[in-house]
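Let me begin by presenting the structure, written as C-alpha cells, before commenting on it.
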Amino acid sequence: MARGVVISIFLSLLFAENVWSQLPNTGATISGTVRDPSGAVVAEVQVTLRSADGIDLSEARTDNEGVFRFSGVSPGRYILYLEQPSFRLINLPFEVGRRSPPHIVVTFALATLESEVTVSPNDASVSDPSSNRDAITMNTQMLSNLPVLDEDYVATLSNLLDQAAVGTSGPSVIVDGMEVKNSTISQSAIEEVRINDDPYSVEFWRPGKGRIEIITKSEGDQFHGSLGVVFRDAIFDARNTFATSRPPEQKRNYDVFLSGPIRKKKDAFFLSLIRNEDDLRSFVHAIDSTGPIQQSVPNPLRWTRSSLRLSHEASKSHRLSLQYSVLGYGNENYGVGGVILREAGTDYSIRLNNLTFSDQLTLSANKVNQLQVRIEKYRTATTSSSEDPKIIVEGAFTSGGAQVAQADTQSSVALNDTLSWTKGRNQLKFGVNIPGLSRNFLDRLPWCAATTSLPSRSDRLKARRSASRRVFTKTNVERCCSTSLHMRS
C-alpha cells in the first residue's frame with residue numbers, strides 16, 4: 001500500500017513538470033537601485049541591458065528614486081552596463097531563470113581624475129611672459145559663485161593677484177577704463193572682471209598683476225534689474241565669553257541694480273546701490289577701584305555705495321555718458337573693547353564723491369577714440385567720542401577722550417584719452433593718461449593730556465582735574481601730478 005502511494009506521488013510530480021515546461025514563458029522582470037559612494041540614490045543614470053556577447057538589447061534610465069526596471073527578459077545570461085559622468089563604468093554580469101531575480105543594488109565608485117601635460121624643450125611659449133597664460137576672465141555667473149562677504153568682491157579677487165605687484169598700496173581697481181579708489185558698483189551690475197590682463201600695458205601706471213579691471217553692464221534697450229537682501233540676527237550666534245548676555249546684533253545687506261531706456265535708442269540709465277548695515281557690539285572687560293567693569297558697547301557700521309549713469313546716443317557713432325558715484329562709510333565707537341572704555345573710542349568715517357564724463361567717438365570702421373574725465377573728492381575723518389583728557393591705568397582701564405581729531409581731504413582730476421586703430425589682425429593704441437592731478441589737505445588737532453599709571457580711583461579723579469589740552473590746527477597742502485604718453489602695437 002505504501003509503495004503504491006509513493007509511485008503515485010512520483011508520477012504526479014513528473015506529469016506536473018512536463019506541463020510546466022509546456023507553459024508559455026512571459027519573461028522575468030529585472031529591477032535595481034543605483035547609489036553613489038555615500039549611499040544616496042542617483043537619478044537619470046543610463047542603464048543598458050546587454051547579452052552575454054555584448055549586444056545591446058534594451059535601455060532604461062533611473063527615476064528620481066534611483067530605480068531602473070526591465071520587463072519581459074527571457075532566461076539566460078546578461079550584462080548590466082551603467083554609465084554616469086564622474087563615476088566609473090559598471091559591467092555587472094548576472095543570470096536570469098524562469099523567475100524574476102532579487103532586486104539589485106548597484107553602487108558607483110568615483111572615477112579616477114587623470115591629467116597629462118607634455119613639455120617640449122623647444123617650446124619657448126611655455127615660459128614666454130607675453131603669452132599671459134595666467135590671465136583670468138570672470139563673467140557674472142562665475143563671479144556669483146565666489147565666496148564674497150558683504151559684497152566686498154574686491155577683497156576676494158585680490159587673493160588672485162600677485163601680492164608682490166600689489167604691494168602695500170593695495171590693488172589697482174579699474175572700472176570701465178578709469179582707476180578708482182574703491183569700486184561703488186554692485187556685484188550684480190558687473191558684466192566681466194579681468195585679472196592679470198596684459199600686465200605690461202603702458203596704458204596704466206601699475207603692472208597688470210596688481211590690477212583688477214571691472215567692466216559694467218550696458219544700459220540696453222530693455223529694462224533689467226535685480227534685488228538681493230541678506231539678513232542675519234544674533235539669535236543664531238553664541239554668547240560672547242565676556243558678555244553677561246547675548247547682545248542684540250544684526251546684519252542687513254541690500255543690493256539693487258536697475259538699468260533701462262529713458263528714450264528708446266537715445267537715452268538710457270544705469271543704477272547700482274549697495275547698503276550694508278552691521279549692528280555690532282564691543283565688549284569691555286576692565287577693572288577699577290570699585291571692581292570689574294563689564295559693558296556691551298554699540299559699535300554700528302554702515303557702508304553705502306551707489307552709482308548713477310546717464311548715457312546719450314548723439315548718433316550711431318557718437319556716445320556720451322555721465323556717471324556720479326558716492327561712497328559712504330561710518331564706524332562709531334571704533335577701538336572700544338577690552339580695557340578701553342566707551343568714552344576713549346573714536347568715530348571713523350569715509351566719504352567719496354566722483355563724477356565721470358565719457359565720450360566715445362567712432363571715427364571710422366577701424367578707428368575709435370575714447371575720452372574719459374573724472375573729478376573726485378575723497379575724505380577720511382577720525383574724531384574722539386569725548387573731549388575729556390585721556391587717562392590710562394596700565395592693565396586696568398583706559399578712559400577719557402581718545403585725543404584724536406584728524407581729517408584728510410584729497411581732491412583730484414584724472415584724464416584718459418585713447419585712440420584705437422585696427423587693421424587686419426593688428427591694433428595700434430596711443431593716447432594720453434593723467435592718472436592723478438590732486439591736492440591734499442590734512443587737518444590735525446594734536447592733544448596734550450595726562451597719560452600715566454594710576455593705582456586708585458581717587459588718583460584718577462585728580463588726574464581728570466589736572467589734565468590739560470592744547471589744540472592747534474595745521475593744514476598741509478600737497479599737489480601731485482602724473483602724466484604719461486603711451487603707444488602700443
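Residues are named by chain letter and number: chains run A, B, ... in the order of the C-alpha cells, numbers start at 1 in each chain, and ligands are numbered from 1 in the order shown.
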Exercise for the section: as a PyMOL selection string, list the residues of range 93-181 of chain A assigned to alpha helix (DSSP H) by DSSP on the backbone atoms of this structure. Expected result: chain A and resi 140-144+153-158+163-166
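For Ser307 in chain A, the list of residues within 6 Å, based on only C-alpha atoms and with local chain neighbours fewer than 6 positions off taken out, reads Leu271, Ser272, Tyr324 and Ser325 of chain A.
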Problem - Pick from A:Gly210, A:Gly337, A:Pro37, A:Pro85, whichever lies nearest to Ala165 in chain A using only C-alpha atoms - result: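 Looking only at the distances to Ala165 in chain A, the closest residue turns out to be A:Gly210.
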Handout entry: Residue nearest Ser31 in chain A among A:Gly76, A:Pro292, A:Pro102, A:Gly345 (counting only C-alpha atoms)
Key =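 Distance minimum relative to Ser31 in chain A lands on A:Pro102.
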Exercise for the section: Can you work out which one of A:Val34, A:Ala43, A:Val393, A:Ile434 has the shortest atom-to-atom distance to Arg374 in chain A, counting only C-alpha atoms? Expected result: A:Ile434
Practice task
Rank A:Phe397, A:Ile30, A:Phe223, A:Ala365 by their smallest atom-to-atom distance to Ser289 in chain A, using only C-alpha atoms, and report the top residue only.
Solution key: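 Of the candidates, the smallest distance to Ser289 in chain A is held by A:Phe397.
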